[in-house]
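Novice: Have a look at this one before I ask anything.
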2 protein chains.
Amino acid sequence: VSSPLKPGARVGILGGGQLGRMLALAAARYGFKVHVFAPEADSPAFDVAAERTCAPYEDQTALSAFARSVEVATYEFENVPERTAALVGGLTRLQPGATALATLQDRFAEKSFVAGLGIRTAPFRAVGSSDELEAALATLGRPAVLKTRRFGYDGKGQALIRPGDDAGKALAAIGGVPAILEGFVPFERELSIVAVRSADGAIAAYDLCANEHRDHVLAETRVPAGVSAATEEEARTVAARIAEALGYVGVLAVELFLLVEDGAERLLVNEIAPRVHNSGHWTIEGAETSQFEQHIRAIAGWPLGSPARRGTVRMQNLLGDAVEQWPALAAEPGAHLHLYGKARTAPGRKMGHVTVVRPA
Amino acid sequence: VSSPLKPGARVGILGGGQLGRMLALAAARYGFKVHVFAPEADSPAFDVAAERTCAPYEDQTALSAFARSVEVATYEFENVPERTAALVGGLTRLQPGATALATLQDRFAEKSFVAGLGIRTAPFRAVGSSDELEAALATLGRPAVLKTRRFGYDGKGQALIRPGDDAGKALAAIGGVPAILEGFVPFERELSIVAVRSADGAIAAYDLCANEHRDHVLAETRVPAGVSAATEEEARTVAARIAEALGYVGVLAVELFLLVEDGAERLLVNEIAPRVHNSGHWTIEGAETSQFEQHIRAIAGWPLGSPARRGTVRMQNLLGDAVEQWPALAAEPGAHLHLYGKARTAPGRKMGHVTVVRPA
């Protein structure tokens, strides 16, 4: 464990979206200078960064200069190309580290890792060909979901295979790339837990979140999730075991399925995001320390802050045209409005969010 | 009243210190793009701004370009030169407006304005020469405080004249510039009220703050102030009347003296700051809407947010070397640490602050 970063130190962020933007705002609050590296000229995080590099993730010269200019680097998304991460990690401290990234950016490696810890997931098989897909379908049954092993998010790179569907078409639909087939899980609800592990191994977790998706994109998060205390505790244990097994430093989110079997609640791990997470945005107003502050604290080698919740929380994403509601939301008492400064609205695009915290 | 600024619009800030920095962070949260104009290359606000202009306040070319690039401009300090304000205000919307600035950046104009509203101040006289100073001392008595009419802050440009002191030396000490003599006020405590007025005339005020100064610099703010409900109400009324009389748009702070006369609390206005104020920093965690968010809302023509307080608040400034306590403060549960990213520490310099909010 290296010594904690001093205020004034430079923190690098790979990725310039809203997560990078909110990370940059949190870092500024602690007096760090932020350098954002992103390929898109209109990256929302550029607007709040002390330094900006606009270049492709394959530009080794730009990446080297970026890495050398910062005392620690992090990322806002798990799909950082492997070579980009290796280059940056070779020149500066990269947190979360290469192990976490390698394990969690491949769905098969991720699920194998979770299963290896004895934690339940949906049944899964790696699929490299149509023969393997047929064999996997024979084992896991239908319906099942075929997903690309890499670079999927928000439902992209996925195909549902129902009884009677042509499996070959599903494989073609996701581009014929290395894939994973996941068996059907009769879940009741989607939950997530956002946790953070510090450089010295301390762990803090926020309360379990109840999530509602629309068209595979998070629409709403509510906390408390309304599950049993035992399920809350189990989620914390799952997150802590995952973070420890990866030697993880920073914030991570574990997406979970809640099943009810014989009247008892059971958790399954759906996927793990090695980064701050949309379902944790409520922590800006709803918790003593936000997920963005926690991530900065962790990667800076600082002690963690308190994850204590302040009330009953509801966070809604402003997707696409929903952002046009901003005048009403700005006027709504108790509504905490966040807008990401994106120039272009597109259907389903995350334009902002709004959080309401009611006294518990 | 012009129409509300849309997210994505550009907001200009004159001044690059910690107030400008925290204003920029609040503006970013609502999706505005911030352009900071400041003369010092290492201005803390530059690090969180989308656009930066580093130039003297007398650089008309730079000022014009700045003003033309933004849809509204504001300032973080009341000592914006008059010609600077006039130039910017001629090219874009300047909020708070020129009337507020002209009235409040001259101590004599300010006190005359307040007294003209029938609101109590310390007794005062304008002083333009040593003869006028002697005459003023004869009327107001000693001790009295001689202050420059313009450009004073944090006790700078002030000289105390005690019985037996050479008044001519005091006048020389403040540079022989136009001054104001203020009579001695036997105050018990120093208070302040931070309020905000929107473009459509709505007013919101935070709870009264109890302030403690060291060497003329704010050291600590506590809320609630522990005064009577009548005094709280009187402070709100004073702030509202001042804001209305100035046609003010934005956050302003009224510094007050609390006197106890015949067992009853009385308020005197000490001075008015036409900007966000150090004694309002606690609102970041301690109120539903921070003073920085309120100021941005007001100048953007948005509705105001709720000023409701969340608990019992204590804000301490980190002055000079006190900033070296950051590792302990980062580890203190419930302590909300803010560091301004200033490269150079100097005695009494505001390097950061820390806020603790306890459930009420």
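Residue names in the structure tokens use chain letters A, B, ... in the order shown, residue numbers from 1 in each chain, and ligand numbers from 1 in the order shown.
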If you run DSSP on this backbone, which residues of range 174-336 of chain A come out as alpha helix (DSSP H), and could you give them as a VMD selection string?

Specialist: chain A and resid 229 to 245 283 to 286 291 to 299 326 to 331

Novice: Please provide as a ChimeraX atom specification all residues within 12 Å of Pro333 in chain A, with the sequence filter that same-chain residues fewer than 6 positions apart are discarded (counting only C-alpha atoms).

Specialist: /A:354-358 /B:288-289,303-308

Novice: Please produce a file of the residues just selected, as a tab-separated table (two decimals), in the first residue's frame, where the atoms kept are all heavy atoms.

Specialist:
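Dumped to result09.tsv:
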chain	number	residue	atom	x	y	z
A	354	VAL	N	-32.70	12.39	-11.22
A	354	VAL	CA	-33.28	13.20	-10.15
A	354	VAL	C	-33.48	12.31	-8.92
A	354	VAL	O	-33.93	11.16	-9.05
A	354	VAL	CB	-34.58	13.89	-10.63
A	354	VAL	CG1	-35.63	12.89	-11.02
A	354	VAL	CG2	-35.10	14.85	-9.58
A	355	THR	N	-33.09	12.81	-7.78
A	355	THR	CA	-33.16	12.03	-6.54
A	355	THR	C	-34.05	12.75	-5.53
A	355	THR	O	-33.94	13.96	-5.35
A	355	THR	CB	-31.75	11.86	-5.94
A	355	THR	OG1	-30.91	11.19	-6.89
A	355	THR	CG2	-31.79	11.03	-4.66
A	356	VAL	N	-34.92	11.99	-4.91
A	356	VAL	CA	-35.73	12.52	-3.81
A	356	VAL	C	-35.40	11.72	-2.56
A	356	VAL	O	-35.39	10.48	-2.61
A	356	VAL	CB	-37.24	12.42	-4.14
A	356	VAL	CG1	-38.08	12.86	-2.95
A	356	VAL	CG2	-37.57	13.27	-5.37
A	357	VAL	N	-35.09	12.41	-1.48
A	357	VAL	CA	-34.80	11.75	-0.21
A	357	VAL	C	-35.85	12.21	0.80
A	357	VAL	O	-35.98	13.40	1.05
A	357	VAL	CB	-33.40	12.14	0.33
A	357	VAL	CG1	-33.07	11.38	1.60
A	357	VAL	CG2	-32.33	11.91	-0.74
A	358	ARG	N	-36.60	11.26	1.32
A	358	ARG	CA	-37.61	11.60	2.34
A	358	ARG	C	-37.10	11.12	3.70
A	358	ARG	O	-36.48	10.06	3.79
A	358	ARG	CB	-38.94	10.89	2.06
A	358	ARG	CG	-39.50	11.14	0.68
A	358	ARG	CD	-40.52	12.27	0.67
A	358	ARG	NE	-40.96	12.56	-0.70
A	358	ARG	CZ	-40.90	13.77	-1.26
A	358	ARG	NH1	-40.43	14.80	-0.59
A	358	ARG	NH2	-41.32	13.97	-2.48
B	288	GLU	N	-31.08	21.46	2.10
B	288	GLU	CA	-31.62	20.75	0.94
B	288	GLU	C	-30.99	21.25	-0.36
B	288	GLU	O	-30.77	20.47	-1.29
B	288	GLU	CB	-33.14	20.98	0.87
B	288	GLU	CG	-33.95	20.05	1.74
B	288	GLU	CD	-33.89	18.62	1.26
B	288	GLU	OE1	-34.25	18.35	0.11
B	288	GLU	OE2	-33.45	17.76	2.04
B	289	THR	N	-30.74	22.54	-0.44
B	289	THR	CA	-30.14	23.14	-1.63
B	289	THR	C	-28.99	24.02	-1.13
B	289	THR	O	-29.18	24.79	-0.20
B	289	THR	CB	-31.18	24.03	-2.36
B	289	THR	OG1	-32.41	23.32	-2.46
B	289	THR	CG2	-30.70	24.44	-3.74
B	303	PRO	N	-36.49	28.56	-10.70
B	303	PRO	CA	-37.09	28.68	-9.37
B	303	PRO	C	-36.06	28.34	-8.29
B	303	PRO	O	-35.10	27.59	-8.56
B	303	PRO	CB	-38.22	27.64	-9.40
B	303	PRO	CG	-37.87	26.69	-10.49
B	303	PRO	CD	-37.07	27.46	-11.50
B	304	LEU	N	-36.24	28.88	-7.09
B	304	LEU	CA	-35.30	28.59	-6.01
B	304	LEU	C	-35.53	27.18	-5.47
B	304	LEU	O	-36.61	26.61	-5.63
B	304	LEU	CB	-35.50	29.60	-4.88
B	304	LEU	CG	-35.34	31.07	-5.29
B	304	LEU	CD1	-35.59	31.98	-4.10
B	304	LEU	CD2	-33.94	31.31	-5.87
B	305	GLY	N	-34.50	26.63	-4.84
B	305	GLY	CA	-34.64	25.35	-4.16
B	305	GLY	C	-35.01	25.57	-2.70
B	305	GLY	O	-35.03	26.70	-2.22
B	306	SER	N	-35.25	24.47	-2.01
B	306	SER	CA	-35.59	24.58	-0.59
B	306	SER	C	-34.34	24.89	0.24
B	306	SER	O	-33.31	24.25	0.07
B	306	SER	CB	-36.19	23.26	-0.10
B	306	SER	OG	-36.11	23.19	1.31
B	307	PRO	N	-34.43	25.89	1.14
B	307	PRO	CA	-33.29	26.19	2.01
B	307	PRO	C	-33.36	25.41	3.33
B	307	PRO	O	-32.57	25.71	4.25
B	307	PRO	CB	-33.47	27.69	2.26
B	307	PRO	CG	-34.95	27.87	2.29
B	307	PRO	CD	-35.53	26.84	1.34
B	308	ALA	N	-34.25	24.43	3.43
B	308	ALA	CA	-34.45	23.73	4.70
B	308	ALA	C	-33.15	23.11	5.22
B	308	ALA	O	-32.38	22.53	4.46
B	308	ALA	CB	-35.52	22.65	4.54

Novice: Which residue gives the smallest distance to Pro274 in chain A among A:Ala331, A:Leu252, A:Leu5, A:Val260, with only C-alpha atoms counted?

Specialist: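 Of all the options, A:Leu252 lies closest to Pro274 in chain A.
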
Novice: Pull out every residue of chain B that has at least one atom within 8 Å of chain A, counting only C-alpha atoms, and report them as JSON, numbers by chain.

Specialist: {"B": [7, 8, 25, 28, 29, 30, 31, 32, 33, 34, 46, 47, 48, 49, 50, 51, 288, 302, 303, 304, 305, 306, 327, 330, 331, 333, 334, 337, 338, 339, 340, 341, 342, 343]}

Novice: Go ahead and save the picked residues with C-alpha atoms, as a short mmCIF file (atom, residue, chain, number, x, y, z; two decimals), in the first residue's frame.

Specialist:
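Done, and the output landed in part35.cif:
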data_model
loop_
_atom_site.label_atom_id
_atom_site.label_comp_id
_atom_site.auth_asym_id
_atom_site.auth_seq_id
_atom_site.Cartn_x
_atom_site.Cartn_y
_atom_site.Cartn_z
CA PRO B 7 -29.17 23.31 -19.41
CA GLY B 8 -26.13 23.45 -21.68
CA LEU B 25 -19.27 22.88 -9.38
CA ALA B 28 -22.03 21.81 -13.64
CA ARG B 29 -24.51 19.81 -11.63
CA TYR B 30 -27.34 21.52 -13.52
CA GLY B 31 -25.67 20.92 -16.88
CA PHE B 32 -24.39 24.47 -17.43
CA LYS B 33 -21.03 25.10 -19.05
CA VAL B 34 -18.90 27.44 -16.97
CA PHE B 46 -10.06 27.17 -13.49
CA ASP B 47 -9.67 23.49 -12.58
CA VAL B 48 -13.41 22.83 -12.77
CA ALA B 49 -14.41 25.16 -15.61
CA ALA B 50 -15.20 24.23 -19.21
CA GLU B 51 -13.62 27.49 -20.40
CA GLU B 288 -31.62 20.75 0.94
CA TRP B 302 -34.81 29.14 -12.36
CA PRO B 303 -37.09 28.68 -9.37
CA LEU B 304 -35.30 28.59 -6.01
CA GLY B 305 -34.64 25.35 -4.16
CA SER B 306 -35.59 24.58 -0.59
CA PRO B 327 -5.55 13.19 6.91
CA ALA B 330 -10.59 12.60 6.01
CA ALA B 331 -10.74 9.83 8.60
CA PRO B 333 -16.72 9.98 10.57
CA GLY B 334 -19.33 12.54 9.58
CA LEU B 337 -14.01 17.81 4.00
CA HIS B 338 -13.65 20.39 1.22
CA LEU B 339 -10.27 21.40 -0.14
CA TYR B 340 -9.89 24.20 -2.65
CA GLY B 341 -6.84 22.94 -4.54
CA LYS B 342 -4.72 25.99 -3.75
CA ALA B 343 -1.05 25.39 -4.47
#

Novice: Please list as a count of residues only every residue within 8 Å of range 175-179 of chain A, counting only C-alpha atoms and excluding residues in the same chain fewer than 6 positions away.

Specialist: 10

Novice: Just checking: using only C-alpha atoms, which residue out of A:Arg197, A:Lys350, A:Arg344, A:Arg241 ends up closest to Gln95 in chain A?

Specialist: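 Closest residue, counting only C-alpha atoms: A:Arg197.
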
Novice: Given the choices B:Leu14, B:Ile180, B:Ala264, B:Ile174, which gets closest to Glu76 in chain B if the distance is worked out from only C-alpha atoms?

Specialist: B:Leu14

Novice: Can you tell me how far CA of Ala243 in chain A sits from CA of Asn317 in chain A, in Å to one decimal?

Specialist: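 Answer for the CA of Ala243 in chain A to CA of Asn317 in chain A separation: 27.0 Å.
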
Novice: Write out as a ChimeraX atom specification the set of residues from range 150-279 of chain A that DSSP, computed on the backbone, places in strand (DSSP E).

Specialist: /A:158-161,179-183,189-197,203-205,209-214,217-223,250-261,264-273

Novice: Quick one, how far is CA of Ser198 in chain A from CA of Gly301 in chain A?

Specialist: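 Computing it gives 6.7 Å between the two atoms.
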
Novice: What's around Glu190 in chain B at 12 Å? Count only C-alpha atoms, leave out sequence neighbours fewer than 5 positions away in its own chain, and write the answer as a PyMOL selection string.

Specialist: chain B and resi 185+208-214+216+218-222+225-227+254-259+266-271+279

Novice: Counting only C-alpha atoms, what is within 7 Å of Gly320 in chain A, bar same-chain residues fewer than 5 positions away, as a list of chain:residue names?

Specialist: A:Thr345, A:Ala346, A:Pro347, A:Gly348, A:Arg349, A:Lys350, A:Met351

Novice: Quick one: everything within 9 Å of Phe66 in chain B, counting only C-alpha atoms, minus sequence neighbours fewer than 6 positions away in the same chain. Send it as an mmCIF file with all heavy atoms, in the first residue's frame.

Specialist:
data_model
loop_
_atom_site.group_PDB
_atom_site.id
_atom_site.type_symbol
_atom_site.label_atom_id
_atom_site.label_comp_id
_atom_site.auth_asym_id
_atom_site.auth_seq_id
_atom_site.Cartn_x
_atom_site.Cartn_y
_atom_site.Cartn_z
ATOM 1 N N GLY B 12 -20.957 32.621 -17.007
ATOM 2 C CA GLY B 12 -19.647 33.212 -16.760
ATOM 3 C C GLY B 12 -19.466 33.585 -15.301
ATOM 4 O O GLY B 12 -20.413 34.030 -14.650
ATOM 5 N N HIS B 35 -17.659 29.348 -17.737
ATOM 6 C CA HIS B 35 -16.499 30.085 -18.226
ATOM 7 C C HIS B 35 -16.000 30.961 -17.074
ATOM 8 O O HIS B 35 -16.721 31.845 -16.615
ATOM 9 C CB HIS B 35 -16.912 30.932 -19.435
ATOM 10 C CG HIS B 35 -15.763 31.597 -20.133
ATOM 11 N ND1 HIS B 35 -15.858 32.117 -21.384
ATOM 12 C CD2 HIS B 35 -14.478 31.807 -19.756
ATOM 13 C CE1 HIS B 35 -14.698 32.641 -21.757
ATOM 14 N NE2 HIS B 35 -13.846 32.472 -20.771
ATOM 15 N N VAL B 36 -14.794 30.698 -16.606
ATOM 16 C CA VAL B 36 -14.232 31.471 -15.498
ATOM 17 C C VAL B 36 -13.245 32.501 -16.036
ATOM 18 O O VAL B 36 -12.375 32.174 -16.858
ATOM 19 C CB VAL B 36 -13.529 30.550 -14.472
ATOM 20 C CG1 VAL B 36 -12.714 31.362 -13.461
ATOM 21 C CG2 VAL B 36 -14.556 29.687 -13.738
ATOM 22 N N PHE B 37 -13.398 33.737 -15.574
ATOM 23 C CA PHE B 37 -12.475 34.827 -15.923
ATOM 24 C C PHE B 37 -11.751 35.221 -14.646
ATOM 25 O O PHE B 37 -12.379 35.609 -13.662
ATOM 26 C CB PHE B 37 -13.265 36.022 -16.458
ATOM 27 C CG PHE B 37 -12.412 37.138 -17.009
ATOM 28 C CD1 PHE B 37 -12.354 37.370 -18.372
ATOM 29 C CD2 PHE B 37 -11.653 37.949 -16.168
ATOM 30 C CE1 PHE B 37 -11.574 38.400 -18.897
ATOM 31 C CE2 PHE B 37 -10.861 38.971 -16.676
ATOM 32 C CZ PHE B 37 -10.822 39.199 -18.047
ATOM 33 N N ARG B 52 -11.765 28.864 -19.725
ATOM 34 C CA ARG B 52 -11.027 29.728 -18.810
ATOM 35 C C ARG B 52 -10.448 30.890 -19.576
ATOM 36 O O ARG B 52 -9.918 30.713 -20.669
ATOM 37 C CB ARG B 52 -9.839 28.950 -18.213
ATOM 38 C CG ARG B 52 -10.225 27.662 -17.549
ATOM 39 C CD ARG B 52 -9.327 26.499 -17.985
ATOM 40 N NE ARG B 52 -9.889 25.247 -17.495
ATOM 41 C CZ ARG B 52 -9.356 24.042 -17.651
ATOM 42 N NH1 ARG B 52 -8.218 23.881 -18.288
ATOM 43 N NH2 ARG B 52 -9.956 22.984 -17.173
ATOM 44 N N THR B 53 -10.537 32.074 -18.968
ATOM 45 C CA THR B 53 -9.798 33.208 -19.489
ATOM 46 C C THR B 53 -8.940 33.752 -18.363
ATOM 47 O O THR B 53 -9.462 34.132 -17.317
ATOM 48 C CB THR B 53 -10.737 34.316 -20.006
ATOM 49 O OG1 THR B 53 -11.535 33.784 -21.062
ATOM 50 C CG2 THR B 53 -9.927 35.502 -20.536
ATOM 51 N N VAL B 88 -18.989 44.160 -18.960
ATOM 52 C CA VAL B 88 -19.623 42.832 -19.027
ATOM 53 C C VAL B 88 -21.145 42.978 -19.069
ATOM 54 O O VAL B 88 -21.821 42.337 -19.884
ATOM 55 C CB VAL B 88 -19.176 41.945 -17.841
ATOM 56 C CG1 VAL B 88 -19.974 40.641 -17.805
ATOM 57 C CG2 VAL B 88 -17.674 41.651 -17.938
#
